[in-house]
$ cat entry12.pdb   # PDB, C-alpha atoms
ATOM      1  CA  MET A   1     -56.346 -66.246   4.637
ATOM      2  CA  ASN A   2     -52.818 -66.791   3.339
ATOM      3  CA  ARG A   3     -50.155 -64.303   4.418
ATOM      4  CA  VAL A   4     -47.517 -63.322   1.894
ATOM      5  CA  ILE A   5     -44.387 -61.227   2.020
ATOM      6  CA  ASP A   6     -43.225 -60.130  -1.441
ATOM      7  CA  LEU A   7     -39.537 -59.253  -1.622
ATOM      8  CA  GLU A   8     -39.843 -57.145  -4.771
ATOM      9  CA  ILE A   9     -42.794 -54.995  -5.693
ATOM     10  CA  ASN A  10     -42.167 -52.371  -8.351
ATOM     11  CA  MET A  11     -43.247 -48.805  -7.852
ATOM     12  CA  PRO A  12     -46.114 -47.968 -10.262
ATOM     13  CA  GLU A  13     -44.649 -46.197 -13.283
ATOM     14  CA  SER A  14     -46.977 -43.255 -12.732
ATOM     15  CA  GLU A  15     -45.385 -42.707  -9.308
ATOM     16  CA  ALA A  16     -41.762 -43.573 -10.136
ATOM     17  CA  ASN A  17     -38.874 -41.293 -11.051
ATOM     18  CA  PRO A  18     -38.569 -41.713 -14.866
ATOM     19  CA  ARG A  19     -34.765 -41.487 -14.558
ATOM     20  CA  ILE A  20     -34.592 -44.708 -12.534
ATOM     21  CA  LYS A  21     -34.940 -46.973 -15.566
ATOM     22  CA  GLN A  22     -32.302 -45.012 -17.434
ATOM     23  CA  ILE A  23     -29.913 -45.250 -14.481
ATOM     24  CA  ASN A  24     -30.527 -48.973 -14.074
ATOM     25  CA  GLU A  25     -29.632 -49.589 -17.705
ATOM     26  CA  GLY A  26     -26.370 -47.632 -17.392
ATOM     27  CA  ARG A  27     -23.484 -48.061 -14.972
ATOM     28  CA  PRO A  28     -24.024 -50.663 -12.220
ATOM     29  CA  GLY A  29     -24.744 -49.219  -8.804
ATOM     30  CA  THR A  30     -27.531 -47.816  -6.689
ATOM     31  CA  PRO A  31     -30.469 -46.718  -8.854
ATOM     32  CA  PHE A  32     -31.198 -43.671  -6.722
ATOM     33  CA  SER A  33     -29.413 -40.453  -7.583
ATOM     34  CA  GLN A  34     -30.288 -38.493  -4.438
ATOM     35  CA  PRO A  35     -27.818 -39.372  -1.648
ATOM     36  CA  LEU A  36     -28.593 -38.272   1.876
ATOM     37  CA  PRO A  37     -27.055 -34.985   3.021
ATOM     38  CA  ARG A  38     -23.604 -35.497   4.496
ATOM     39  CA  PRO A  39     -22.432 -34.146   7.858
ATOM     40  CA  GLU A  40     -20.826 -30.727   7.693
ATOM     41  CA  GLY A  41     -17.103 -30.900   7.008
ATOM     42  CA  TYR A  42     -17.216 -34.552   5.932
ATOM     43  CA  GLY A  43     -15.291 -35.992   2.989
ATOM     44  CA  PHE A  44     -13.568 -33.491   0.709
ATOM     45  CA  ALA A  45     -15.080 -30.647   2.710
ATOM     46  CA  ASN A  46     -12.564 -31.517   5.432
ATOM     47  CA  TYR A  47      -9.818 -29.995   3.274
ATOM     48  CA  LYS A  48     -11.246 -26.554   4.072
ATOM     49  CA  HIS A  49     -10.595 -27.194   7.767
ATOM     50  CA  VAL A  50      -7.074 -28.505   7.196
ATOM     51  CA  PHE A  51      -5.947 -25.943   4.595
ATOM     52  CA  LYS A  52      -7.066 -22.333   4.757
ATOM     53  CA  SER A  53      -7.561 -20.391   1.519
ATOM     54  CA  LYS A  54      -5.206 -17.422   1.129
ATOM     55  CA  SER A  55      -6.935 -15.589  -1.722
ATOM     56  CA  GLY A  56     -10.462 -14.559  -2.601
ATOM     57  CA  ASP A  57     -13.422 -16.177  -0.910
ATOM     58  CA  GLY A  58     -12.451 -19.605  -2.266
ATOM     59  CA  SER A  59     -15.578 -20.028  -4.358
ATOM     60  CA  PRO A  60     -15.354 -21.308  -7.954
ATOM     61  CA  ASP A  61     -16.981 -18.103  -9.213
ATOM     62  CA  SER A  62     -14.413 -15.864  -7.529
ATOM     63  CA  ARG A  63     -11.521 -17.984  -8.780
ATOM     64  CA  ALA A  64     -12.892 -17.909 -12.346
ATOM     65  CA  LYS A  65     -13.058 -14.097 -12.250
ATOM     66  CA  GLU A  66      -9.475 -13.851 -10.995
ATOM     67  CA  ASP A  67      -7.626 -16.424 -13.083
ATOM     68  CA  GLY A  68      -7.984 -14.910 -16.561
ATOM     69  CA  GLY A  69      -8.307 -18.265 -18.316
ATOM     70  CA  LEU A  70      -5.695 -20.191 -20.292
ATOM     71  CA  LEU A  71      -4.487 -17.110 -22.172
ATOM     72  CA  ARG A  72      -3.552 -15.413 -18.897
ATOM     73  CA  LEU A  73      -2.030 -18.661 -17.610
ATOM     74  CA  VAL A  74       0.251 -18.959 -20.647
ATOM     75  CA  ALA A  75       1.260 -15.308 -20.286
ATOM     76  CA  ASP A  76       2.146 -15.920 -16.632
ATOM     77  CA  MET A  77       4.124 -19.006 -17.650
ATOM     78  CA  ASP A  78       6.026 -16.993 -20.256
ATOM     79  CA  ARG A  79       6.908 -14.309 -17.729
ATOM     80  CA  ALA A  80       8.252 -16.928 -15.293
ATOM     81  CA  GLY A  81      10.186 -18.855 -17.936
ATOM     82  CA  ILE A  82       7.965 -21.958 -17.735
ATOM     83  CA  SER A  83       8.148 -23.634 -21.131
ATOM     84  CA  GLN A  84       5.659 -26.471 -20.482
ATOM     85  CA  GLY A  85       3.394 -27.608 -17.681
ATOM     86  CA  LEU A  86       1.203 -30.547 -16.731
ATOM     87  CA  LEU A  87      -2.320 -29.140 -16.888
ATOM     88  CA  VAL A  88      -4.638 -30.801 -14.379
ATOM     89  CA  GLY A  89      -8.410 -30.378 -14.430
ATOM     90  CA  ALA A  90      -9.139 -30.517 -18.157
ATOM     91  CA  GLU A  91     -11.804 -32.979 -19.271
ATOM     92  CA  ASN A  92     -10.719 -35.738 -21.631
ATOM     93  CA  ASP A  93     -12.789 -34.450 -24.536
ATOM     94  CA  LYS A  94     -11.314 -30.931 -24.243
ATOM     95  CA  MET A  95      -7.658 -31.960 -24.403
ATOM     96  CA  GLY A  96      -7.346 -32.041 -28.172
ATOM     97  CA  ALA A  97      -8.642 -28.480 -28.471
ATOM     98  CA  ILE A  98      -6.236 -27.279 -25.766
ATOM     99  CA  HIS A  99      -3.309 -28.802 -27.624
ATOM    100  CA  GLN A 100      -4.456 -27.111 -30.829
ATOM    101  CA  ALA A 101      -4.867 -23.732 -29.157
ATOM    102  CA  PHE A 102      -1.574 -23.887 -27.245
ATOM    103  CA  PRO A 103       0.719 -26.280 -29.129
ATOM    104  CA  GLY A 104       3.600 -27.593 -27.085
ATOM    105  CA  ARG A 105       2.711 -25.730 -23.874
ATOM    106  CA  PHE A 106       0.867 -28.346 -21.849
ATOM    107  CA  PHE A 107       1.130 -31.999 -20.969
ATOM    108  CA  LEU A 108      -2.400 -33.424 -20.777
ATOM    109  CA  MET A 109      -3.149 -36.749 -19.122
ATOM    110  CA  ALA A 110      -6.499 -38.499 -19.469
ATOM    111  CA  THR A 111      -8.408 -39.868 -16.482
ATOM    112  CA  PHE A 112     -10.701 -42.907 -16.570
ATOM    113  CA  ASP A 113     -12.837 -44.987 -14.264
ATOM    114  CA  PRO A 114     -11.005 -48.333 -14.097
ATOM    115  CA  LYS A 115     -14.384 -50.072 -13.929
ATOM    116  CA  ASP A 116     -14.956 -49.075 -17.563
ATOM    117  CA  GLY A 117     -12.612 -51.840 -18.687
ATOM    118  CA  MET A 118     -11.879 -52.063 -22.395
ATOM    119  CA  ARG A 119     -14.101 -49.092 -23.194
ATOM    120  CA  ALA A 120     -11.611 -46.942 -21.273
ATOM    121  CA  VAL A 121      -8.649 -48.615 -22.984
ATOM    122  CA  ARG A 122     -10.045 -47.983 -26.462
ATOM    123  CA  GLU A 123     -10.923 -44.376 -25.674
ATOM    124  CA  PHE A 124      -7.490 -43.813 -24.147
ATOM    125  CA  GLU A 125      -5.802 -45.084 -27.285
ATOM    126  CA  ARG A 126      -7.984 -42.807 -29.436
ATOM    127  CA  LEU A 127      -7.130 -39.782 -27.289
ATOM    128  CA  VAL A 128      -3.404 -40.467 -27.522
ATOM    129  CA  ARG A 129      -3.424 -41.077 -31.271
ATOM    130  CA  ASP A 130      -5.965 -38.449 -32.376
ATOM    131  CA  ASP A 131      -5.804 -35.732 -29.699
ATOM    132  CA  LYS A 132      -2.120 -36.156 -28.767
ATOM    133  CA  VAL A 133      -2.921 -36.771 -25.091
ATOM    134  CA  ASN A 134       0.377 -37.217 -23.271
ATOM    135  CA  GLY A 135      -0.427 -40.020 -20.849
ATOM    136  CA  LEU A 136      -2.680 -41.371 -18.120
ATOM    137  CA  ARG A 137      -3.540 -39.876 -14.730
ATOM    138  CA  VAL A 138      -4.618 -42.258 -11.969
ATOM    139  CA  SER A 139      -6.192 -40.745  -8.856
ATOM    140  CA  PRO A 140      -7.247 -43.274  -6.205
ATOM    141  CA  LEU A 141      -8.201 -40.290  -4.061
ATOM    142  CA  TYR A 142     -11.323 -39.789  -6.176
ATOM    143  CA  ASN A 143     -12.406 -43.283  -7.152
ATOM    144  CA  GLY A 144     -11.292 -45.098  -3.996
ATOM    145  CA  ILE A 145      -9.424 -47.799  -5.930
ATOM    146  CA  PRO A 146      -5.682 -48.128  -5.107
ATOM    147  CA  ALA A 147      -3.259 -47.901  -8.020
ATOM    148  CA  ASN A 148      -2.280 -51.580  -7.844
ATOM    149  CA  ASP A 149      -5.841 -52.777  -8.412
ATOM    150  CA  ARG A 150      -5.921 -55.111 -11.444
ATOM    151  CA  ARG A 151      -8.711 -53.094 -13.022
ATOM    152  CA  TYR A 152      -6.107 -50.463 -13.937
ATOM    153  CA  TYR A 153      -3.807 -53.023 -15.541
ATOM    154  CA  PRO A 154      -5.245 -52.876 -19.094
ATOM    155  CA  LEU A 155      -4.685 -49.111 -19.023
ATOM    156  CA  TYR A 156      -1.113 -49.532 -17.790
ATOM    157  CA  ALA A 157      -0.455 -52.069 -20.536
ATOM    158  CA  LYS A 158      -1.789 -49.607 -23.109
ATOM    159  CA  CYS A 159       0.543 -46.919 -21.716
ATOM    160  CA  VAL A 160       3.481 -49.241 -22.324
ATOM    161  CA  GLU A 161       2.265 -50.084 -25.821
ATOM    162  CA  LEU A 162       1.806 -46.400 -26.725
ATOM    163  CA  ASP A 163       5.004 -45.375 -24.893
ATOM    164  CA  VAL A 164       3.290 -42.746 -22.742
ATOM    165  CA  PRO A 165       3.687 -42.259 -18.975
ATOM    166  CA  VAL A 166       1.291 -42.417 -16.041
ATOM    167  CA  ARG A 167       1.034 -40.033 -13.112
ATOM    168  CA  ILE A 168      -0.326 -41.674  -9.970
ATOM    169  CA  TYR A 169      -1.632 -39.786  -6.937
ATOM    170  CA  THR A 170       0.742 -40.766  -4.124
ATOM    171  CA  SER A 171       0.084 -39.083  -0.790
ATOM    172  CA  MET A 172      -2.093 -39.191   2.281
ATOM    173  CA  ASN A 173      -5.519 -37.636   1.767
ATOM    174  CA  TYR A 174      -7.640 -35.570   4.136
ATOM    175  CA  ALA A 175     -11.023 -36.624   2.749
ATOM    176  CA  ASN A 176     -12.239 -38.313   5.922
ATOM    177  CA  ASP A 177     -14.877 -40.449   4.222
ATOM    178  CA  ARG A 178     -12.319 -42.808   2.619
ATOM    179  CA  PRO A 179      -9.133 -44.613   3.634
ATOM    180  CA  TYR A 180      -6.271 -42.226   4.348
ATOM    181  CA  ASP A 181      -3.724 -44.487   2.651
ATOM    182  CA  LEU A 182      -5.317 -44.884  -0.786
ATOM    183  CA  GLY A 183      -2.251 -43.103  -2.147
ATOM    184  CA  HIS A 184       0.400 -44.974  -0.162
ATOM    185  CA  PRO A 185       3.634 -45.505  -2.147
ATOM    186  CA  ARG A 186       3.446 -49.257  -1.509
ATOM    187  CA  HIS A 187       0.747 -49.488  -4.186
ATOM    188  CA  LEU A 188       3.277 -48.301  -6.772
ATOM    189  CA  ASP A 189       5.590 -51.212  -6.058
ATOM    190  CA  ASP A 190       3.229 -53.784  -7.583
ATOM    191  CA  VAL A 191       2.684 -51.609 -10.641
ATOM    192  CA  ALA A 192       6.395 -51.049 -11.207
ATOM    193  CA  VAL A 193       7.154 -54.757 -10.689
ATOM    194  CA  ASP A 194       4.438 -55.887 -13.107
ATOM    195  CA  PHE A 195       5.180 -53.175 -15.716
ATOM    196  CA  PRO A 196       8.948 -52.578 -15.653
ATOM    197  CA  GLU A 197       8.786 -50.605 -18.926
ATOM    198  CA  LEU A 198       6.146 -48.186 -17.640
ATOM    199  CA  ARG A 199       7.245 -44.626 -16.868
ATOM    200  CA  ILE A 200       5.584 -43.635 -13.581
ATOM    201  CA  VAL A 201       5.607 -40.349 -11.716
ATOM    202  CA  ALA A 202       4.405 -40.390  -8.112
ATOM    203  CA  GLY A 203       2.370 -37.209  -7.849
ATOM    204  CA  LEU A 204       2.767 -35.356  -4.525
ATOM    205  CA  ALA A 205       5.879 -37.367  -3.633
ATOM    206  CA  GLY A 206       4.314 -39.796  -1.178
ATOM    207  CA  TRP A 207       4.035 -37.608   1.927
ATOM    208  CA  PRO A 208       4.025 -38.568   4.811
ATOM    209  CA  TRP A 209       5.572 -41.893   3.777
ATOM    210  CA  VAL A 210       8.691 -40.117   2.542
ATOM    211  CA  ASN A 211      11.188 -42.818   3.494
ATOM    212  CA  GLU A 212       9.187 -45.487   1.667
ATOM    213  CA  MET A 213       8.922 -43.179  -1.342
ATOM    214  CA  VAL A 214      12.676 -42.676  -1.395
ATOM    215  CA  ALA A 215      13.266 -46.420  -1.133
ATOM    216  CA  LEU A 216      10.946 -47.156  -4.061
ATOM    217  CA  LEU A 217      12.566 -44.435  -6.177
ATOM    218  CA  ARG A 218      15.887 -46.189  -5.565
ATOM    219  CA  ARG A 219      14.337 -49.592  -6.311
ATOM    220  CA  HIS A 220      12.588 -48.888  -9.635
ATOM    221  CA  PRO A 221      14.505 -47.279 -12.544
ATOM    222  CA  ARG A 222      11.441 -45.786 -14.267
ATOM    223  CA  LEU A 223       9.755 -44.435 -11.136
ATOM    224  CA  TYR A 224       9.960 -40.672 -10.572
ATOM    225  CA  ALA A 225       8.283 -38.261  -8.132
ATOM    226  CA  ASP A 226       6.952 -34.721  -8.332
ATOM    227  CA  THR A 227       6.628 -32.211  -5.514
ATOM    228  CA  ALA A 228       3.120 -30.942  -6.318
ATOM    229  CA  ALA A 229       0.905 -29.613  -3.506
ATOM    230  CA  HIS A 230       3.862 -29.010  -1.144
ATOM    231  CA  HIS A 231       5.368 -25.599  -0.502
ATOM    232  CA  PRO A 232       9.091 -25.743  -1.323
ATOM    233  CA  ARG A 233      10.090 -24.130   1.962
ATOM    234  CA  TYR A 234       9.170 -27.308   3.831
ATOM    235  CA  PHE A 235      11.619 -29.498   1.931
ATOM    236  CA  GLY A 236      14.550 -27.809   3.642
ATOM    237  CA  GLN A 237      12.914 -27.348   7.039
ATOM    238  CA  PRO A 238      14.241 -29.604   9.848
ATOM    239  CA  GLY A 239      11.524 -31.723  11.415
ATOM    240  CA  SER A 240       9.234 -31.463   8.391
ATOM    241  CA  GLY A 241       9.686 -35.135   7.496
ATOM    242  CA  TRP A 242      11.293 -34.301   4.141
ATOM    243  CA  GLU A 243      14.901 -34.713   5.313
ATOM    244  CA  GLN A 244      15.571 -37.987   3.513
ATOM    245  CA  PHE A 245      13.800 -36.786   0.352
ATOM    246  CA  LEU A 246      16.019 -33.716   0.193
ATOM    247  CA  GLN A 247      19.181 -35.652   1.054
ATOM    248  CA  PHE A 248      18.650 -38.281  -1.652
ATOM    249  CA  GLY A 249      17.113 -35.763  -4.044
ATOM    250  CA  ASN A 250      20.402 -33.885  -3.913
ATOM    251  CA  THR A 251      22.495 -37.006  -4.462
ATOM    252  CA  LEU A 252      21.443 -40.497  -5.562
ATOM    253  CA  LEU A 253      17.955 -39.446  -6.703
ATOM    254  CA  GLN A 254      18.849 -36.109  -8.273
ATOM    255  CA  ASP A 255      17.657 -37.389 -11.683
ATOM    256  CA  LYS A 256      14.283 -38.574 -10.322
ATOM    257  CA  ILE A 257      12.644 -35.454  -8.852
ATOM    258  CA  MET A 258      10.414 -33.007 -10.753
ATOM    259  CA  VAL A 259       8.733 -29.932  -9.334
ATOM    260  CA  GLY A 260       4.999 -29.347  -9.204
ATOM    261  CA  LEU A 261       4.597 -25.644  -8.465
ATOM    262  CA  SER A 262       0.871 -25.844  -7.547
ATOM    263  CA  ARG A 263       0.507 -22.067  -7.706
ATOM    264  CA  TYR A 264      -3.246 -22.304  -7.092
ATOM    265  CA  LEU A 265      -2.598 -23.552  -3.541
ATOM    266  CA  PHE A 266      -0.185 -20.879  -2.392
ATOM    267  CA  ALA A 267      -1.531 -17.624  -3.838
ATOM    268  CA  MET A 268       1.987 -16.758  -5.011
ATOM    269  CA  PRO A 269       3.372 -15.811  -8.426
ATOM    270  CA  PHE A 270       5.201 -18.533 -10.317
ATOM    271  CA  GLU A 271       8.408 -16.535  -9.936
ATOM    272  CA  ASP A 272       8.276 -16.585  -6.124
ATOM    273  CA  ILE A 273       7.707 -20.334  -5.961
ATOM    274  CA  ILE A 274      10.567 -20.974  -8.381
ATOM    275  CA  GLU A 275      12.824 -18.740  -6.303
ATOM    276  CA  ALA A 276      11.913 -20.744  -3.199
ATOM    277  CA  TYR A 277      13.167 -23.879  -4.964
ATOM    278  CA  ARG A 278      16.377 -22.095  -5.948
ATOM    279  CA  ASN A 279      16.918 -21.208  -2.288
ATOM    280  CA  LEU A 280      16.808 -24.825  -1.118
ATOM    281  CA  PRO A 281      20.111 -26.358   0.037
ATOM    282  CA  LEU A 282      20.610 -28.146  -3.273
ATOM    283  CA  LYS A 283      23.565 -28.146  -5.638
ATOM    284  CA  GLU A 284      23.067 -25.702  -8.495
ATOM    285  CA  LYS A 285      23.076 -28.419 -11.136
ATOM    286  CA  VAL A 286      20.506 -30.375  -9.097
ATOM    287  CA  VAL A 287      18.141 -27.405  -8.859
ATOM    288  CA  GLU A 288      18.198 -27.139 -12.654
ATOM    289  CA  LYS A 289      17.414 -30.855 -12.935
ATOM    290  CA  TRP A 290      14.478 -30.535 -10.540
ATOM    291  CA  LEU A 291      13.139 -27.461 -12.327
ATOM    292  CA  TYR A 292      13.565 -28.621 -15.918
ATOM    293  CA  GLY A 293      15.985 -31.369 -16.900
ATOM    294  CA  ASN A 294      14.324 -34.355 -15.247
ATOM    295  CA  ALA A 295      10.869 -33.519 -16.631
ATOM    296  CA  ALA A 296      12.361 -32.972 -20.094
ATOM    297  CA  ASP A 297      13.861 -36.468 -19.910
ATOM    298  CA  PHE A 298      10.685 -38.015 -18.490
ATOM    299  CA  PHE A 299       8.461 -36.555 -21.223
ATOM    300  CA  ARG A 300      11.032 -37.277 -23.936
ATOM    301  CA  LEU A 301      11.651 -33.653 -24.892
ATOM    302  CA  ASN A 302      15.382 -34.142 -25.294
TER     303      ASN A 302
END
$ encode --input "entry12.pdb" --output "structure tokens"
Amino acid sequence: MNRVIDLEINMPESEANPRIKQINEGRPGTPFSQPLPRPEGYGFANYKHVFKSKSGDGSPDSRAKEDGGLLRLVADMDRAGISQGLLVGAENDKMGAIHQAFPGRFFLMATFDPKDGMRAVREFERLVRDDKVNGLRVSPLYNGIPANDRRYYPLYAKCVELDVPVRIYTSMNYANDRPYDLGHPRHLDDVAVDFPELRIVAGLAGWPWVNEMVALLRRHPRLYADTAAHHPRYFGQPGSGWEQFLQFGNTLLQDKIMVGLSRYLFAMPFEDIIEAYRNLPLKEKVVEKWLYGNAADFFRLN
């Protein structure tokens, strides 16, 4: 009797998950949609151990009940004197409607999987032209692909062609299922070298690689940084690691820094966060640049 080992025997269709064929004909990758349960606190769940919530129970349902939607957000912005803001978390196909409902209030930046190639490029161009999307947002934290990966390059080239900016996640991450340095500032250097016309903002300002971030801001004329996700009190606190950022941000880089208030992280009113920036040891004219002038220049409002 012959003995045979068959290296591929299909599951009978009557026994198989009918979604498998559909998945196989879509995006490349594993055909099975049920990953194994992850260890408690692993990946993005680790953020809950590193950062403690200060309001509500932290659940999406409780936050939705408290936030009052975009109408309440715009009212809060008006009260704090915030004329525009970069709105993060909107889906690409909702951005046009947001612009229509709140004209001139939000900057909206589309996000794409760089593995989508020219499909992403064509859809990005459509969103900019038809829905007035304001630029591109690149987040290696989520897709695990550093910003200098060549798969992003067609999107960067389209940004240059359409004269819109890109915001790139630039910081250490606490999701302990992926490399901690996906957002290292060094990845921006290749992008800025290869696309000298591209306007880039380093989201989250490159912490903890602050000195490298400062050096790259000095090196590349069209590279900026925002302070999102960091409480302003730490920028002026000795030993925090922000000393060089504050020193250069008050002098040679005073035209390169924009604030990201990140109210959702601190459970504080906009007004209190703004006041904390005004209390930093910065020259008065520099504070105004951080709070408004530099972003107005970056987004071509002037």
$ atom_distance --input "entry12.pdb" --atom1 "CA of Asp181 (chain A)" --atom2 "CA of Leu141 (chain A)"
9.1 Å
$ resolve_selection --input "entry12.pdb" --expression "the PyMOL selection byres ((chain A and resi 147-156) around 8)" --output "ChimeraX atom specification"
/A:114-115,117-118,120-121,124,138-140,145-146,157-160,166,168,183,187-188,190-191,195,198
$ atom_distance --input "entry12.pdb" --atom1 "CA of Gly135 (chain A)" --atom2 "CA of Val164 (chain A)"
5.0 Å
$ residues_around --input "entry12.pdb" --residues "Met213 (chain A)" --least-positions-apart "2" --cutoff "10 Å" --atoms "all atoms listed in the file" --output "list in words"
Thr170, Ser171, His184, Pro185, Arg186, Leu188, Asp189, Ala202, Ala205, Gly206, Trp207, Pro208, Trp209, Val210, Asn211, Ala215, Leu216, Leu217, Arg218, Arg219, Leu223, Tyr224, Ala225, Gln244 and Phe245 of chain A
$ residues_around --input "entry12.pdb" --residues "Pro232 (chain A)" --least-positions-apart "3" --cutoff "9 Å" --atoms "only C-alpha atoms" --output "PyMOL selection string"
chain A and resi 227+235-236+261+273-274+276-277+280
$ axis_aligned_box --input "entry12.pdb" --around "region 260-270 of chain A" --padding-each-side "6 Å" --output "lines of an AutoDock Vina configuration file"
center_x = 1.0
center_y = -22.6
center_z = -6.4
size_x = 20.4
size_y = 25.5
size_z = 19.9
$ closest_residue --input "entry12.pdb" --among "A:Asn46, A:Glu212, A:Arg222, A:Asn176" --to "Val193 (chain A)" --atoms "only C-alpha atoms"
A:Arg222
$ residues_around --input "entry12.pdb" --residues "region 78-83 of chain A" --least-positions-apart "2" --cutoff "9 Å" --atoms "all atoms listed in the file" --output "list in words"
Leu73, Val74, Ala75, Asp76, Gly85, Gly104, Arg105, Phe106, Pro269, Phe270, Glu271, Ile274 and Tyr292 of chain A
$ write_last_selection --input "entry12.pdb" --atoms "C-alpha atoms" --output "PDB file, in the frame of the given file"
ATOM      1  CA  LEU A  73      -2.030 -18.661 -17.610  1.00  0.00           C
ATOM      2  CA  VAL A  74       0.251 -18.959 -20.647  1.00  0.00           C
ATOM      3  CA  ALA A  75       1.260 -15.308 -20.286  1.00  0.00           C
ATOM      4  CA  ASP A  76       2.146 -15.920 -16.632  1.00  0.00           C
ATOM      5  CA  GLY A  85       3.394 -27.608 -17.681  1.00  0.00           C
ATOM      6  CA  GLY A 104       3.600 -27.593 -27.085  1.00  0.00           C
ATOM      7  CA  ARG A 105       2.711 -25.730 -23.874  1.00  0.00           C
ATOM      8  CA  PHE A 106       0.867 -28.346 -21.849  1.00  0.00           C
ATOM      9  CA  PRO A 269       3.372 -15.811  -8.426  1.00  0.00           C
ATOM     10  CA  PHE A 270       5.201 -18.533 -10.317  1.00  0.00           C
ATOM     11  CA  GLU A 271       8.408 -16.535  -9.936  1.00  0.00           C
ATOM     12  CA  ILE A 274      10.567 -20.974  -8.381  1.00  0.00           C
ATOM     13  CA  TYR A 292      13.565 -28.621 -15.918  1.00  0.00           C
TER      14      TYR A 292
END
$ residues_around --input "entry12.pdb" --residues "Gly260 (chain A)" --least-positions-apart "6" --cutoff "9 Å" --atoms "all atoms listed in the file" --output "number ranges by chain"
A: 85-86, 203-204, 226-230, 291
$ atom_distance --input "entry12.pdb" --atom1 "CA of Gly241 (chain A)" --atom2 "CA of Leu182 (chain A)"
19.7 Å
